[in-house]
Amino acid sequence: MSRVLILYGTTDGHTRKIAEALGETLREEGCALDVIDAKRAPSNLGPESYDGVIVAASIHIRTYQRAVKRWVLRHAEALNRRPSAFVSVCLGILEHRPEAQQQVQEITQRFLQRSGWRPVATRTVAGALPYTRYSWLKKWVIRRIVAKTGGDTDTTRDFEYTDWDDVRAFARELASHLSRSEGRRRSPPPHASSPTSVFGVAARSGDRA
Ligand SMILES: Cc1cc2nc3c(=O)[nH]c(=O)nc-3n(C[C@H](O)[C@H](O)[C@H](O)COP(=O)(O)O)c2cc1C
């Protein structure tokens, strides 16, 4: 049974829901799970005791939660030695303007480059606009920004844009990758070289995959 850590950062709670959905699916696939908020992570929590790690974080003003950035920076080497994946939650992905799409990709790439982490897979997931949970000031500011992009501006209700089927499919891909890695660890083929993961990324030498 693969042991998987899902470490997440959230500001308004939506990435927690995504982390829980990923966790639920991985559990159904037979993995043992720890789902932990980066802000509340014990100081000795590292990737070492896990077969795979998923990090999920949301973009707020063009960056991710500080607790996630710190944890990934600190554990990048250990993350690179085992299958790991990054889930980036944002709203920019919903915009049709190519600049908006590019900005989202740049934010992700900058984070990964600065930390030195090389996840085998990254997924950008559309988040939510929980207007009813915002303070009046935040509601006003966000509504103005969203109005400029043609998004939903009815602040009396919440909007959720996440494709839950895609989130669960991603979790299943990871579970299948983990079980293959586990199989390879147990009985390595005589001339194993550069096995290709279900994510289409060749496993790096030195990886456990
Ligand atoms: C103050 C604020 C700033 C945001 N900044 C960005 C941004 O720069 N780019 C983006 O694509 N989405 C941005 N978003 C959208 C969030 O990523 C989205 O609402 C996400 O679902 C938040 O996840 P969370 O509830 O886990 O914090 C912002 C949202 C808020 C409230």
# chains A, B, ... in the order shown; residues from 1 in each chain; ligands from 1
>>> select_by_dssp(residues="chain A", states="helix (DSSP H, G or I)", output="VMD selection string")
chain A and resid 14 to 28 38 to 40 47 to 49 66 to 80 92 to 94 98 to 115 131 to 133 136 to 148 164 to 186
>>> write_last_selection(atoms="C-alpha atoms", output="compact mmCIF listing (two decimals), in the first residue's frame")
# COMPACT_ATOMS: atom_id res chain seq x y z
CA HIS A 14 -11.30 25.98 -1.61
CA THR A 15 -7.91 24.28 -2.02
CA ARG A 16 -8.70 22.30 1.15
CA LYS A 17 -11.78 20.93 -0.64
CA ILE A 18 -9.62 20.01 -3.63
CA ALA A 19 -7.01 18.35 -1.37
CA GLU A 20 -9.79 16.36 0.32
CA ALA A 21 -11.24 15.25 -3.04
CA LEU A 22 -7.77 14.12 -4.17
CA GLY A 23 -7.35 12.29 -0.86
CA GLU A 24 -10.73 10.59 -1.08
CA THR A 25 -9.96 9.25 -4.56
CA LEU A 26 -6.48 8.06 -3.59
CA ARG A 27 -7.99 6.26 -0.58
CA GLU A 28 -10.48 4.55 -2.89
CA ALA A 38 0.85 23.57 5.37
CA LYS A 39 0.14 26.22 8.00
CA ARG A 40 -0.45 23.55 10.64
CA PRO A 47 8.46 13.70 2.32
CA GLU A 48 10.82 10.96 3.61
CA SER A 49 8.18 8.71 5.13
CA ARG A 66 3.98 31.31 2.06
CA ALA A 67 3.79 28.14 4.20
CA VAL A 68 3.68 26.01 1.03
CA LYS A 69 6.56 27.88 -0.63
CA ARG A 70 8.73 27.46 2.49
CA TRP A 71 7.94 23.76 2.88
CA VAL A 72 8.67 22.99 -0.78
CA LEU A 73 11.91 25.01 -0.73
CA ARG A 74 13.05 23.13 2.37
CA HIS A 75 12.15 19.67 1.03
CA ALA A 76 12.80 20.04 -2.72
CA GLU A 77 15.59 17.45 -2.78
CA ALA A 78 13.55 14.81 -0.98
CA LEU A 79 10.55 15.60 -3.18
CA ASN A 80 12.69 15.07 -6.29
CA GLY A 92 -6.73 33.05 -14.33
CA ILE A 93 -7.13 29.76 -16.19
CA LEU A 94 -10.79 30.64 -16.85
CA PRO A 98 -3.68 34.38 -23.83
CA GLU A 99 -1.82 36.83 -21.52
CA ALA A 100 -3.88 35.62 -18.55
CA GLN A 101 -3.13 31.98 -19.36
CA GLN A 102 0.55 32.80 -19.79
CA GLN A 103 0.65 34.63 -16.47
CA VAL A 104 -0.73 31.60 -14.63
CA GLN A 105 1.90 29.36 -16.23
CA GLU A 106 4.66 31.84 -15.39
CA ILE A 107 3.60 31.96 -11.73
CA THR A 108 3.80 28.15 -11.54
CA GLN A 109 7.13 27.97 -13.38
CA ARG A 110 8.66 30.71 -11.21
CA PHE A 111 7.63 28.88 -8.04
CA LEU A 112 9.06 25.56 -9.28
CA GLN A 113 12.30 27.12 -10.55
CA ARG A 114 12.92 29.06 -7.35
CA SER A 115 12.34 26.00 -5.17
CA TYR A 131 -18.15 35.93 -2.23
CA THR A 132 -20.32 35.29 0.83
CA ARG A 133 -17.23 34.40 2.86
CA TRP A 136 -17.09 43.62 2.50
CA LEU A 137 -13.80 45.20 1.42
CA LYS A 138 -12.48 42.00 -0.18
CA LYS A 139 -15.86 41.45 -1.85
CA TRP A 140 -15.74 44.95 -3.33
CA VAL A 141 -12.13 44.65 -4.55
CA ILE A 142 -12.58 41.16 -6.03
CA ARG A 143 -15.85 42.11 -7.70
CA ARG A 144 -14.11 45.02 -9.46
CA ILE A 145 -11.28 42.80 -10.67
CA VAL A 146 -13.65 40.05 -11.81
CA ALA A 147 -15.91 42.55 -13.61
CA LYS A 148 -12.97 43.62 -15.80
CA TRP A 164 -14.21 17.67 -9.97
CA ASP A 165 -14.07 14.83 -12.49
CA ASP A 166 -10.71 16.14 -13.71
CA VAL A 167 -9.43 16.43 -10.11
CA ARG A 168 -10.41 12.82 -9.39
CA ALA A 169 -8.96 11.61 -12.72
CA PHE A 170 -5.67 13.29 -11.81
CA ALA A 171 -5.67 11.49 -8.43
CA ARG A 172 -6.29 8.16 -10.17
CA GLU A 173 -3.38 8.81 -12.57
CA LEU A 174 -1.12 9.43 -9.61
CA ALA A 175 -2.34 6.31 -7.78
CA SER A 176 -1.61 4.21 -10.85
CA HIS A 177 1.85 5.81 -11.17
CA LEU A 178 2.55 5.03 -7.51
CA SER A 179 1.50 1.42 -7.75
CA ARG A 180 3.73 0.95 -10.82
CA SER A 181 6.66 2.57 -8.99
CA GLU A 182 6.04 0.29 -6.03
CA GLY A 183 5.98 -2.74 -8.32
CA ARG A 184 9.26 -1.66 -9.91
CA ARG A 185 10.87 -1.16 -6.50
CA ARG A 186 9.84 -4.65 -5.42
>>> residues_around(residues="Arg3 (chain A)", least_positions_apart="5", cutoff="7 Å", atoms="only C-alpha atoms", output="list in words")
Cys31, Ala32, Leu33, Tyr50, Asp51 and Gly52 of chain A
>>> select_by_dssp(residues="region 6-39 of chain A", states="strand (DSSP E or B)", output="PyMOL selection string")
chain A and resi 6-8+32-37
>>> residues_near_ligand(ligand="ligand 1", cutoff="7 Å", atoms="only C-alpha atoms and all ligand atoms", output="list of chain:residue names")
A:Gly9, A:Thr10, A:Thr11, A:Asp12, A:Gly13, A:His14, A:Thr15, A:Arg16, A:Ala57, A:Ser58, A:Ile59, A:His60, A:Ile61, A:Arg62, A:Thr63, A:Val89, A:Cys90, A:Leu91, A:Gly92, A:Ile93, A:Val104, A:Ala126, A:Gly127, A:Ala128, A:Leu129, A:Lys138, A:Ile142
>>> write_last_selection(atoms="C-alpha atoms", output="compact mmCIF listing (two decimals), in the first residue's frame")
# COMPACT_ATOMS: atom_id res chain seq x y z
CA GLY A 9 -2.16 25.82 1.24
CA THR A 10 -5.46 27.66 1.27
CA THR A 11 -6.60 31.19 2.02
CA ASP A 12 -10.37 30.94 1.57
CA GLY A 13 -10.84 27.16 1.97
CA HIS A 14 -11.30 25.98 -1.61
CA THR A 15 -7.91 24.28 -2.02
CA ARG A 16 -8.70 22.30 1.15
CA ALA A 57 -1.79 25.69 -3.36
CA SER A 58 -3.85 28.59 -4.65
CA ILE A 59 -2.72 31.78 -6.32
CA HIS A 60 -3.43 34.99 -4.47
CA ILE A 61 -2.04 38.19 -5.99
CA ARG A 62 0.26 36.24 -8.30
CA THR A 63 1.83 33.96 -5.71
CA VAL A 89 -5.54 26.49 -8.02
CA CYS A 90 -6.47 29.84 -9.56
CA LEU A 91 -9.04 31.74 -11.59
CA GLY A 92 -6.73 33.05 -14.33
CA ILE A 93 -7.13 29.76 -16.19
CA VAL A 104 -0.73 31.60 -14.63
CA ALA A 126 -9.97 26.39 -11.64
CA GLY A 127 -10.90 27.54 -8.13
CA ALA A 128 -13.85 29.37 -6.68
CA LEU A 129 -15.26 32.76 -5.79
CA LYS A 138 -12.48 42.00 -0.18
CA ILE A 142 -12.58 41.16 -6.03
>>> atom_distance(atom1="CA of Ser2 (chain A)", atom2="CA of Ala56 (chain A)")
19.0 Å
>>> closest_residue(among="A:Val125, A:Gln65, A:Tyr161, A:Ile54", to="Ser88 (chain A)", atoms="only C-alpha atoms")
A:Val125
